$ cat target.txt   # compact mmCIF, C-alpha atoms and all ligand atoms
# COMPACT_ATOMS: atom_id res chain seq x y z
CA MET A 1 -29.90 -8.29 -16.20
CA ILE A 2 -29.25 -11.86 -17.27
CA THR A 3 -29.56 -12.49 -21.01
CA ASP A 4 -27.93 -15.89 -21.32
CA GLY A 5 -30.63 -18.51 -20.99
CA SER A 6 -30.67 -18.55 -17.20
CA ALA A 7 -33.40 -15.86 -17.16
CA GLY A 8 -36.65 -17.26 -15.78
CA ARG A 9 -34.86 -20.22 -14.24
CA VAL A 10 -34.58 -21.01 -10.56
CA ASN A 11 -31.56 -21.99 -8.56
CA ARG A 12 -31.90 -25.37 -6.84
CA GLN A 13 -29.91 -25.67 -3.63
CA ILE A 14 -29.36 -28.61 -1.29
CA THR A 15 -29.58 -27.26 2.26
CA LEU A 16 -29.08 -28.74 5.70
CA ALA A 17 -32.54 -29.59 7.09
CA SER A 18 -31.51 -31.16 10.41
CA ARG A 19 -28.44 -32.40 12.24
CA PRO A 20 -27.83 -36.14 12.06
CA LYS A 21 -27.12 -38.54 14.87
CA GLY A 22 -24.66 -41.14 13.60
CA LEU A 23 -24.75 -41.90 9.88
CA PRO A 24 -26.64 -39.08 8.10
CA ALA A 25 -29.90 -39.80 6.27
CA VAL A 26 -31.19 -38.23 3.06
CA SER A 27 -33.87 -36.55 5.25
CA ASN A 28 -31.14 -34.44 6.93
CA PHE A 29 -31.04 -32.51 3.64
CA LYS A 30 -33.68 -30.52 1.79
CA MET A 31 -33.77 -29.18 -1.74
CA VAL A 32 -35.03 -25.60 -1.98
CA GLU A 33 -35.49 -23.24 -4.91
CA SER A 34 -34.34 -19.64 -4.90
CA PRO A 35 -33.82 -16.93 -7.53
CA ILE A 36 -30.64 -16.97 -9.60
CA PRO A 37 -28.16 -14.81 -7.65
CA SER A 38 -27.57 -11.28 -8.95
CA LEU A 39 -24.10 -9.94 -9.64
CA ALA A 40 -22.19 -7.00 -8.16
CA VAL A 41 -19.36 -5.38 -10.13
CA GLY A 42 -16.47 -7.88 -10.30
CA ASP A 43 -18.74 -10.91 -9.77
CA VAL A 44 -19.12 -13.91 -12.04
CA LEU A 45 -22.22 -16.11 -12.35
CA VAL A 46 -21.35 -19.79 -12.64
CA ARG A 47 -23.52 -22.77 -13.66
CA THR A 48 -22.13 -25.70 -11.68
CA THR A 49 -21.08 -28.76 -13.65
CA PHE A 50 -19.65 -31.02 -10.90
CA VAL A 51 -19.87 -30.64 -7.13
CA SER A 52 -17.48 -32.30 -4.74
CA VAL A 53 -18.60 -34.70 -2.01
CA ASP A 54 -16.25 -34.56 0.96
CA PRO A 55 -15.91 -36.27 4.34
CA TYR A 56 -15.39 -32.95 6.20
CA LEU A 57 -19.06 -32.18 5.59
CA ARG A 58 -19.96 -34.77 8.26
CA PRO A 59 -18.21 -32.95 11.17
CA ALA A 60 -19.46 -29.65 9.70
CA MET A 61 -23.04 -30.96 10.01
CA ASN A 62 -22.56 -31.00 13.81
CA ASN A 63 -21.35 -27.42 13.89
CA SER A 64 -23.90 -24.59 13.69
CA ALA A 65 -21.15 -22.00 13.19
CA LEU A 66 -19.81 -23.84 10.12
CA LEU A 67 -23.14 -24.99 8.74
CA PRO A 68 -26.39 -23.42 10.04
CA THR A 69 -29.61 -25.32 9.33
CA GLY A 70 -31.24 -23.94 6.21
CA ALA A 71 -27.89 -22.99 4.65
CA CYS A 72 -26.75 -24.32 1.28
CA VAL A 73 -24.24 -27.16 1.75
CA PRO A 74 -20.77 -25.70 1.19
CA ALA A 75 -18.67 -27.56 -1.37
CA ASP A 76 -15.87 -27.21 -3.84
CA ALA A 77 -17.26 -27.26 -7.40
CA VAL A 78 -16.48 -26.59 -11.03
CA GLY A 79 -18.75 -24.87 -13.47
CA ARG A 80 -19.16 -22.76 -16.58
CA VAL A 81 -19.25 -18.98 -16.55
CA VAL A 82 -22.75 -17.82 -17.50
CA THR A 83 -22.40 -14.07 -17.06
CA SER A 84 -19.41 -12.05 -16.01
CA ARG A 85 -18.95 -8.59 -14.59
CA HIS A 86 -15.16 -8.88 -14.73
CA ALA A 87 -13.10 -8.47 -17.89
CA LEU A 88 -10.90 -11.55 -17.23
CA PHE A 89 -13.81 -14.02 -17.27
CA ARG A 90 -15.95 -14.77 -20.32
CA PRO A 91 -19.14 -16.82 -20.70
CA GLY A 92 -18.40 -20.46 -21.47
CA GLU A 93 -15.10 -20.60 -19.57
CA PHE A 94 -14.67 -23.23 -16.87
CA VAL A 95 -13.81 -22.23 -13.31
CA GLN A 96 -13.41 -23.88 -9.91
CA GLY A 97 -14.48 -22.41 -6.58
CA MET A 98 -16.49 -23.01 -3.41
CA PHE A 99 -19.87 -22.85 -5.17
CA GLY A 100 -21.75 -25.26 -2.89
CA TRP A 101 -24.37 -27.87 -3.71
CA GLN A 102 -26.44 -25.66 -6.02
CA ASP A 103 -27.12 -25.04 -9.71
CA TYR A 104 -25.84 -21.44 -9.87
CA ALA A 105 -23.41 -19.43 -7.77
CA ALA A 106 -22.26 -15.82 -7.90
CA ALA A 107 -18.65 -15.39 -6.83
CA PRO A 108 -16.15 -12.54 -6.87
CA TRP A 109 -13.67 -13.06 -9.71
CA TYR A 110 -10.62 -13.21 -7.39
CA VAL A 111 -11.71 -16.48 -5.70
CA LEU A 112 -12.02 -18.33 -9.03
CA ARG A 113 -9.45 -20.65 -10.58
CA LYS A 114 -9.69 -20.79 -14.36
CA LEU A 115 -9.59 -24.28 -15.87
CA ASP A 116 -8.51 -25.32 -19.33
CA PRO A 117 -10.43 -28.45 -20.43
CA ARG A 118 -7.76 -29.09 -23.10
CA HIS A 119 -5.22 -29.82 -20.33
CA ALA A 120 -7.33 -32.19 -18.21
CA PRO A 121 -11.02 -33.01 -17.71
CA VAL A 122 -12.45 -30.21 -15.54
CA SER A 123 -13.65 -32.71 -12.91
CA THR A 124 -10.01 -33.38 -11.98
CA ALA A 125 -9.87 -29.89 -10.45
CA LEU A 126 -11.87 -31.40 -7.58
CA GLY A 127 -9.74 -34.54 -7.25
CA ILE A 128 -6.24 -35.43 -8.42
CA LEU A 129 -5.60 -31.85 -9.67
CA GLY A 130 -7.50 -30.27 -6.79
CA ALA A 131 -7.93 -30.59 -3.04
CA SER A 132 -7.42 -34.39 -2.96
CA GLY A 133 -4.15 -34.35 -4.90
CA LEU A 134 -2.89 -31.33 -2.97
CA THR A 135 -3.71 -32.98 0.36
CA ALA A 136 -1.83 -36.12 -0.66
CA TYR A 137 1.15 -34.14 -1.97
CA PHE A 138 1.68 -31.95 1.09
CA GLY A 139 0.70 -34.64 3.59
CA LEU A 140 3.19 -37.09 2.13
CA PHE A 141 6.10 -34.85 1.16
CA GLU A 142 5.88 -32.04 3.73
CA THR A 143 4.16 -33.45 6.79
CA ALA A 144 5.43 -37.05 6.62
CA ARG A 145 8.58 -36.30 4.58
CA ALA A 146 8.50 -39.71 2.90
CA VAL A 147 11.68 -40.63 0.98
CA ALA A 148 12.82 -43.50 -1.25
CA ALA A 149 13.09 -47.00 0.20
CA GLU A 150 10.83 -46.23 3.14
CA THR A 151 7.74 -48.29 3.93
CA VAL A 152 4.57 -46.21 3.71
CA VAL A 153 1.12 -47.32 4.85
CA VAL A 154 -1.95 -45.46 3.58
CA SER A 155 -5.45 -45.96 5.03
CA ALA A 156 -8.57 -45.35 2.90
CA ALA A 157 -6.05 -46.00 0.13
CA ALA A 158 -8.66 -46.45 -2.62
CA GLY A 159 -10.29 -43.08 -1.87
CA ALA A 160 -9.51 -39.72 -3.45
CA VAL A 161 -6.73 -38.58 -1.12
CA GLY A 162 -5.50 -42.09 -0.32
CA SER A 163 -5.13 -43.23 -3.95
CA ALA A 164 -3.16 -40.06 -4.71
CA ALA A 165 -0.96 -40.45 -1.61
CA ALA A 166 -0.27 -44.11 -2.36
CA GLN A 167 0.76 -43.34 -5.96
CA LEU A 168 2.94 -40.40 -4.92
CA ALA A 169 4.68 -42.63 -2.40
CA LYS A 170 5.35 -45.20 -5.17
CA LEU A 171 6.68 -42.40 -7.40
CA ALA A 172 9.02 -41.38 -4.57
CA GLY A 173 10.44 -44.92 -4.54
CA CYS A 174 8.75 -46.11 -1.34
CA ARG A 175 7.29 -49.55 -0.56
CA VAL A 176 3.58 -48.88 -0.24
CA ILE A 177 0.93 -50.82 1.63
CA GLY A 178 -2.72 -49.81 1.31
CA LEU A 179 -5.78 -50.49 3.43
CA ALA A 180 -9.27 -50.38 2.02
CA GLY A 181 -12.76 -51.69 2.76
CA SER A 182 -13.41 -54.26 0.00
CA ASP A 183 -11.73 -56.92 -2.12
CA ASP A 184 -12.48 -54.87 -5.26
CA LYS A 185 -10.60 -51.95 -3.78
CA VAL A 186 -7.68 -54.19 -2.84
CA ARG A 187 -7.51 -55.45 -6.45
CA TYR A 188 -7.57 -51.83 -7.69
CA LEU A 189 -4.67 -50.94 -5.37
CA ILE A 190 -2.54 -53.87 -6.49
CA ASP A 191 -3.48 -54.22 -10.18
CA GLU A 192 -3.99 -50.57 -11.20
CA LEU A 193 -1.92 -48.55 -8.74
CA GLY A 194 0.89 -51.10 -8.37
CA LEU A 195 1.04 -51.09 -4.58
CA ASP A 196 3.33 -53.62 -2.95
CA ALA A 197 0.59 -54.99 -0.70
CA ALA A 198 -2.99 -54.16 0.21
CA PHE A 199 -5.51 -55.48 2.73
CA ASN A 200 -9.26 -55.41 3.08
CA TYR A 201 -9.69 -54.30 6.68
CA LYS A 202 -13.33 -55.48 6.57
CA GLY A 203 -12.43 -58.90 5.16
CA GLU A 204 -12.84 -62.27 6.84
CA HIS A 205 -9.15 -62.75 7.40
CA GLU A 206 -7.08 -61.10 10.12
CA TRP A 207 -4.86 -58.59 8.34
CA GLN A 208 -2.70 -57.70 11.36
CA PRO A 209 -0.31 -60.69 11.04
CA GLN A 210 -0.04 -60.11 7.29
CA LEU A 211 0.81 -56.45 7.87
CA GLY A 212 3.68 -57.60 10.07
CA ALA A 213 4.80 -60.04 7.38
CA VAL A 214 4.88 -57.45 4.58
CA SER A 215 6.63 -54.80 6.65
CA PRO A 216 9.32 -56.84 8.43
CA PHE A 217 11.45 -53.75 9.01
CA GLY A 218 8.58 -51.68 10.34
CA ILE A 219 6.54 -48.79 8.98
CA ASP A 220 8.34 -45.51 8.37
CA VAL A 221 5.37 -43.41 7.31
CA TYR A 222 1.69 -43.80 8.11
CA PHE A 223 -0.63 -41.57 6.05
CA ASP A 224 -3.73 -41.77 8.23
CA ASN A 225 -7.07 -40.99 6.64
CA VAL A 226 -9.27 -42.95 9.02
CA GLY A 227 -8.09 -43.24 12.66
CA GLY A 228 -9.98 -45.63 14.96
CA ARG A 229 -9.43 -49.40 14.89
CA VAL A 230 -7.42 -49.44 11.66
CA SER A 231 -4.88 -47.01 13.09
CA ASP A 232 -4.79 -48.86 16.41
CA ILE A 233 -3.59 -51.94 14.54
CA ILE A 234 -0.97 -50.03 12.53
CA PHE A 235 0.69 -48.05 15.32
CA PRO A 236 2.58 -50.93 16.98
CA TYR A 237 4.40 -51.53 13.67
CA LEU A 238 5.90 -48.02 13.52
CA ASN A 239 9.63 -47.97 12.97
CA THR A 240 12.15 -45.92 14.89
CA GLY A 241 11.86 -42.35 13.63
CA ALA A 242 8.47 -42.98 11.98
CA ARG A 243 6.23 -40.11 10.92
CA VAL A 244 2.44 -40.22 11.05
CA ALA A 245 0.63 -37.65 8.93
CA VAL A 246 -2.86 -37.33 10.43
CA CYS A 247 -4.90 -36.33 7.40
CA GLY A 248 -8.40 -37.42 8.48
CA GLN A 249 -10.26 -39.50 11.05
CA ILE A 250 -13.28 -40.59 9.04
CA SER A 251 -13.97 -43.60 11.27
CA GLU A 252 -14.85 -41.16 14.04
CA TYR A 253 -16.99 -38.66 12.11
CA ASN A 254 -20.35 -40.36 12.80
CA ARG A 255 -19.70 -40.85 16.51
CA GLU A 256 -21.42 -38.84 19.21
CA SER A 257 -18.31 -39.07 21.41
CA PRO A 258 -14.75 -40.21 20.69
CA SER A 259 -14.21 -43.99 20.73
CA ALA A 260 -11.99 -45.51 23.39
CA GLY A 261 -8.87 -47.09 22.01
CA PRO A 262 -5.57 -48.54 23.09
CA ARG A 263 -3.05 -45.97 24.29
CA TRP A 264 -0.05 -45.81 21.96
CA LEU A 265 1.99 -42.89 23.35
CA ASN A 266 4.42 -45.50 24.66
CA VAL A 267 5.02 -46.57 21.03
CA ILE A 268 5.59 -42.94 20.03
CA LEU A 269 8.07 -42.61 22.88
CA GLU A 270 10.00 -45.81 22.21
CA LYS A 271 10.09 -45.26 18.46
CA ARG A 272 10.84 -41.51 18.66
CA ALA A 273 7.93 -41.16 16.23
CA LYS A 274 6.30 -37.91 15.16
CA VAL A 275 2.54 -37.61 14.81
CA GLN A 276 1.42 -34.48 13.04
CA GLY A 277 -1.98 -33.29 11.91
CA PHE A 278 -2.20 -30.99 8.90
CA MET A 279 -4.74 -29.11 6.82
CA VAL A 280 -4.16 -28.79 3.09
CA THR A 281 -4.90 -25.07 3.42
CA ASP A 282 -1.72 -24.73 5.54
CA PHE A 283 0.10 -25.00 2.21
CA ALA A 284 -2.05 -22.64 0.13
CA ALA A 285 0.94 -20.49 -0.80
CA ARG A 286 2.47 -23.52 -2.57
CA TYR A 287 -0.58 -24.81 -4.49
CA ALA A 288 0.80 -23.59 -7.84
CA GLU A 289 4.00 -25.60 -7.41
CA ALA A 290 2.11 -28.74 -6.39
CA LEU A 291 -0.46 -28.43 -9.20
CA HIS A 292 2.34 -27.97 -11.72
CA ASN A 293 4.02 -31.17 -10.52
CA LEU A 294 0.78 -33.17 -10.24
CA SER A 295 -0.36 -32.22 -13.74
CA THR A 296 3.07 -32.95 -15.21
CA TRP A 297 3.06 -36.42 -13.61
CA LEU A 298 -0.53 -37.03 -14.71
CA ARG A 299 0.28 -36.10 -18.32
CA ALA A 300 3.36 -38.33 -18.21
CA GLY A 301 1.16 -41.26 -17.14
CA TRP A 302 2.95 -41.57 -13.79
CA LEU A 303 -0.28 -40.83 -11.93
CA THR A 304 -3.76 -42.09 -12.60
CA TYR A 305 -7.12 -41.43 -10.99
CA ARG A 306 -10.65 -42.76 -10.66
CA GLU A 307 -13.91 -40.94 -10.11
CA THR A 308 -17.24 -42.22 -8.80
CA ILE A 309 -19.89 -39.97 -10.32
CA GLU A 310 -23.51 -39.70 -9.15
CA ASP A 311 -25.87 -38.06 -11.61
CA GLY A 312 -28.11 -35.13 -10.57
CA LEU A 313 -27.82 -32.48 -7.87
CA GLU A 314 -30.82 -34.01 -6.09
CA ASN A 315 -28.73 -37.15 -5.49
CA ALA A 316 -25.84 -35.36 -3.73
CA PRO A 317 -27.04 -36.43 -0.23
CA ARG A 318 -27.20 -40.06 -1.38
CA ALA A 319 -23.70 -39.81 -2.85
CA PHE A 320 -22.42 -38.31 0.40
CA ILE A 321 -23.89 -41.11 2.53
CA GLY A 322 -22.54 -43.70 0.09
CA MET A 323 -19.06 -42.17 0.34
CA LEU A 324 -19.19 -42.38 4.15
CA GLU A 325 -20.13 -46.05 3.72
CA GLY A 326 -17.19 -46.66 1.40
CA LYS A 327 -19.10 -47.05 -1.90
CA ASN A 328 -16.69 -44.82 -3.84
CA ILE A 329 -13.41 -45.63 -5.53
CA GLY A 330 -11.37 -42.48 -6.08
CA LYS A 331 -13.05 -39.09 -5.96
CA GLN A 332 -16.78 -38.96 -5.25
CA LEU A 333 -18.46 -36.34 -7.42
CA VAL A 334 -21.96 -35.33 -8.41
CA LYS A 335 -22.64 -34.30 -12.01
CA VAL A 336 -25.03 -31.38 -11.91
CA GLU A 337 -25.27 -30.34 -15.54
N1 LIG B 1 -6.29 -32.70 6.26
C1 LIG B 1 -6.86 -32.20 5.17
O1 LIG B 1 -6.63 -31.05 4.75
C2 LIG B 1 -7.83 -33.06 4.40
C3 LIG B 1 -8.28 -32.70 3.11
C4 LIG B 1 -9.15 -33.59 2.42
C5 LIG B 1 -9.55 -34.77 3.04
N2 LIG B 1 -9.11 -35.04 4.30
C6 LIG B 1 -9.47 -36.31 4.96
O2 LIG B 1 -8.92 -37.36 4.19
C7 LIG B 1 -9.72 -38.53 4.34
C8 LIG B 1 -10.09 -39.04 2.95
O3 LIG B 1 -10.87 -38.05 2.28
P1 LIG B 1 -11.34 -38.27 0.77
O4 LIG B 1 -12.00 -37.03 0.34
O5 LIG B 1 -10.20 -38.81 -0.01
O6 LIG B 1 -12.45 -39.40 0.95
P2 LIG B 1 -12.39 -40.87 0.31
O7 LIG B 1 -11.24 -41.59 0.91
O8 LIG B 1 -12.49 -40.78 -1.16
O9 LIG B 1 -13.76 -41.48 0.84
C9 LIG B 1 -13.91 -41.82 2.17
C10 LIG B 1 -13.49 -43.28 2.42
O10 LIG B 1 -13.29 -43.49 3.82
C11 LIG B 1 -13.39 -44.86 4.08
N3 LIG B 1 -14.07 -45.06 5.38
C12 LIG B 1 -15.31 -44.69 5.73
N4 LIG B 1 -15.58 -45.07 7.00
C13 LIG B 1 -14.48 -45.71 7.44
C14 LIG B 1 -14.13 -46.35 8.67
N5 LIG B 1 -14.99 -46.42 9.71
N6 LIG B 1 -12.91 -46.92 8.79
C15 LIG B 1 -12.03 -46.86 7.76
N7 LIG B 1 -12.30 -46.27 6.57
C16 LIG B 1 -13.50 -45.70 6.42
C17 LIG B 1 -14.21 -45.49 2.94
O11 LIG B 1 -13.36 -46.36 2.22
P3 LIG B 1 -13.19 -47.91 2.66
O12 LIG B 1 -14.05 -48.70 1.72
O13 LIG B 1 -11.75 -48.15 2.47
O14 LIG B 1 -13.65 -48.04 4.08
C18 LIG B 1 -14.56 -44.30 2.05
O15 LIG B 1 -14.53 -44.61 0.69
C19 LIG B 1 -10.92 -38.13 5.19
O16 LIG B 1 -10.68 -38.50 6.52
C20 LIG B 1 -10.95 -36.61 5.07
O17 LIG B 1 -11.56 -36.00 6.18
C21 LIG B 1 -8.26 -34.22 4.98
$ encode --input "target.txt" --output "structure tokens" --more "lines below"
Ligand SMILES: NC(=O)c1ccc[n+]([C@@H]2O[C@H](COP(=O)([O-])OP(=O)(O)OC[C@H]3O[C@@H](n4cnc5c(N)ncnc54)[C@H](OP(=O)(O)O)[C@@H]3O)[C@@H](O)[C@H]2O)c1
Amino acid sequence: MITDGSAGRVNRQITLASRPKGLPAVSNFKMVESPIPSLAVGDVLVRTTFVSVDPYLRPAMNNSALLPTGACVPADAVGRVVTSRHALFRPGEFVQGMFGWQDYAAAPWYVLRKLDPRHAPVSTALGILGASGLTAYFGLFETARAVAAETVVVSAAAGAVGSAAAQLAKLAGCRVIGLAGSDDKVRYLIDELGLDAAFNYKGEHEWQPQLGAVSPFGIDVYFDNVGGRVSDIIFPYLNTGARVAVCGQISEYNRESPSAGPRWLNVILEKRAKVQGFMVTDFAARYAEALHNLSTWLRAGWLTYRETIEDGLENAPRAFIGMLEGKNIGKQLVKVE
């Protein structure tokens, strides 16, 4: 029995109502109410505080095995323990887990990561000290193997993963060039993150010649978050021995079929370049090491982060569509409580 204030309350969930064609609409989602989940032995009931808004949800919306219609939208989240049936978790503690876009979630204790709000704001467990920071860390250092004095280009550089990757590359002593979709974002990359150059790929001016001018010796590492036209422009500048870490292809997520593009395997051949996709989960066994380093660098002031926060669970679909349209700087979150 629940005796903590959640008794008599309902659990609001955002579910998938229909599959989108192209850019999703708010009507592809539906809010439903259900009872507060009950707990088995070893389970913990969590009241979500922040839910994450992630690009991978868009491809998942096309996939009935990953996301059936009527199901609660899966998402990383942080929240407060309400009731616990495991001795290691106490009411009031903050935890992170895959709680989904909903007010309450019941989860087995062993999938929860405890958070200490005295160390960092709990929202960072979804961004710089969570999946975004981890993706940047392993994509840059393990997949792309960026080292000092190399030239690194990051696409979607003002986003959650991109802003972390760009800063980590600067920390590693690289020259870093960022691409982003507005002049505000370009200013953020130069003024706040200290990048060596940044371009608005949606701007009036052709950025291709300028990219050539700021990387006269070629590009050693391309951290690709977007694919499509942006990547087509970058590939010819790859240096001999370049590495491309394919992190995401967000420019393609709303398409019904893959876009046609120039063929660049000849560039890969001539430049002896390596193109490698990766999933952050490939490195799960090393999360503790990466989180230790990321939090040390954050505390030292060597890393910074931004969050774009939408208020209210009911507005999660709007935040998601806005993120696909590039309205966020840094990590897109929804504040639930
Ligand atoms: N491999 C992994 O394990 C892994 C893990 C997490 C995320 N990812 C991927 O990493 C990428 C970034 O994720 P995130 O969570 O950090 O999101 P994010 O960058 O914070 O937000 C998405 C950004 O993508 C940009 N964008 C949208 N449509 C675009 C287009 N057609 N062309 C170019 N840019 C476009 C927008 O910025 P602009 O204003 O700059 O256009 C938008 O702000 C995504 O592709 C995601 O799927 C991969």
$ residues_around --input "target.txt" --residues "A:Arg12" --least-positions-apart "5" --cutoff "7 Å" --atoms "all atoms listed in the file" --output "tab-separated table (two decimals) with C-alpha atoms, in the frame of the given file"
chain	number	residue	atom	x	y	z
A	31	MET	CA	-33.77	-29.18	-1.74
A	32	VAL	CA	-35.03	-25.60	-1.98
A	33	GLU	CA	-35.49	-23.24	-4.91
A	34	SER	CA	-34.34	-19.64	-4.90
A	102	GLN	CA	-26.44	-25.66	-6.02
A	103	ASP	CA	-27.12	-25.04	-9.71
$ residues_near_ligand --input "target.txt" --ligand "ligand LIG 1 (chain B)" --cutoff "7 Å" --atoms "all atoms listed in the file" --output "PyMOL selection string"
chain A and resi 54-56+131-132+135+156-162+179-182+225-226+228+230+247-252+278-281+323-332
$ residues_around --input "target.txt" --residues "A:Ala125" --least-positions-apart "5" --cutoff "9 Å" --atoms "all atoms listed in the file" --output "PyMOL selection string"
chain A and resi 77-78+96+115+120+130-131
$ write_last_selection --input "target.txt" --atoms "C-alpha atoms" --output "CSV table (one decimal), in the frame of the given file"
chain,number,residue,atom,x,y,z
A,77,ALA,CA,-17.3,-27.3,-7.4
A,78,VAL,CA,-16.5,-26.6,-11.0
A,96,GLN,CA,-13.4,-23.9,-9.9
A,115,LEU,CA,-9.6,-24.3,-15.9
A,120,ALA,CA,-7.3,-32.2,-18.2
A,130,GLY,CA,-7.5,-30.3,-6.8
A,131,ALA,CA,-7.9,-30.6,-3.0
$ residues_around --input "target.txt" --residues "A:Val221" --least-positions-apart "6" --cutoff "8 Å" --atoms "only C-alpha atoms" --output "JSON, numbers by chain"
{"A": [144, 146, 150, 151, 152, 153, 238, 242, 243, 244, 245]}
$ closest_residue --input "target.txt" --among "A:Arg58, A:Glu337, A:Trp101, A:Ala106" --to "A:Val81" --atoms "all atoms listed in the file"
A:Ala106
$ atom_distance --input "target.txt" --atom1 "atom CA of A:Pro74" --atom2 "atom CA of A:Ser231"
29.1 Å
$ closest_residue --input "target.txt" --among "A:Gly218, A:Pro236, A:Gly133, A:Gly277" --to "A:Trp297" --atoms "all atoms listed in the file"
A:Gly133
$ atom_distance --input "target.txt" --atom1 "atom CA of A:Glu93" --atom2 "atom CA of A:Val53"
22.8 Å
$ atom_distance --input "target.txt" --atom1 "atom CA of A:Ser215" --atom2 "atom CA of A:Ile234"
10.7 Å
$ residues_around --input "target.txt" --residues "A:Phe283" --least-positions-apart "3" --cutoff "12 Å" --atoms "all atoms listed in the file" --output "PyMOL selection string"
chain A and resi 131+134-139+141-143+278-280+286-291
$ closest_residue --input "target.txt" --among "A:Asp184, A:Asp43, A:Asp232, A:Glu314" --to "A:Thr15" --atoms "only C-alpha atoms"
A:Glu314
$ closest_residue --input "target.txt" --among "A:Thr83, A:Thr240, A:Ser64, A:Asn315" --to "A:Val51" --atoms "only C-alpha atoms"
A:Asn315
$ closest_residue --input "target.txt" --among "A:Ala172, A:Glu192, A:Ile177, A:Leu112" --to "A:Gly212" --atoms "all atoms listed in the file"
A:Ile177
$ residues_around --input "target.txt" --residues "A:Ser295" --least-positions-apart "6" --cutoff "10 Å" --atoms "all atoms listed in the file" --output "ChimeraX atom specification"
/A:119-120,124,128-129,133,301-303
$ closest_residue --input "target.txt" --among "A:Gly194, A:Pro209, A:Gly42, A:Pro37" --to "A:Ile233" --atoms "all atoms listed in the file"
A:Pro209
$ residues_near_point --input "target.txt" --point "(4.0, -42.2, -7.0)" --cutoff "10 Å" --atoms "only C-alpha atoms" --output "count of residues only"
21
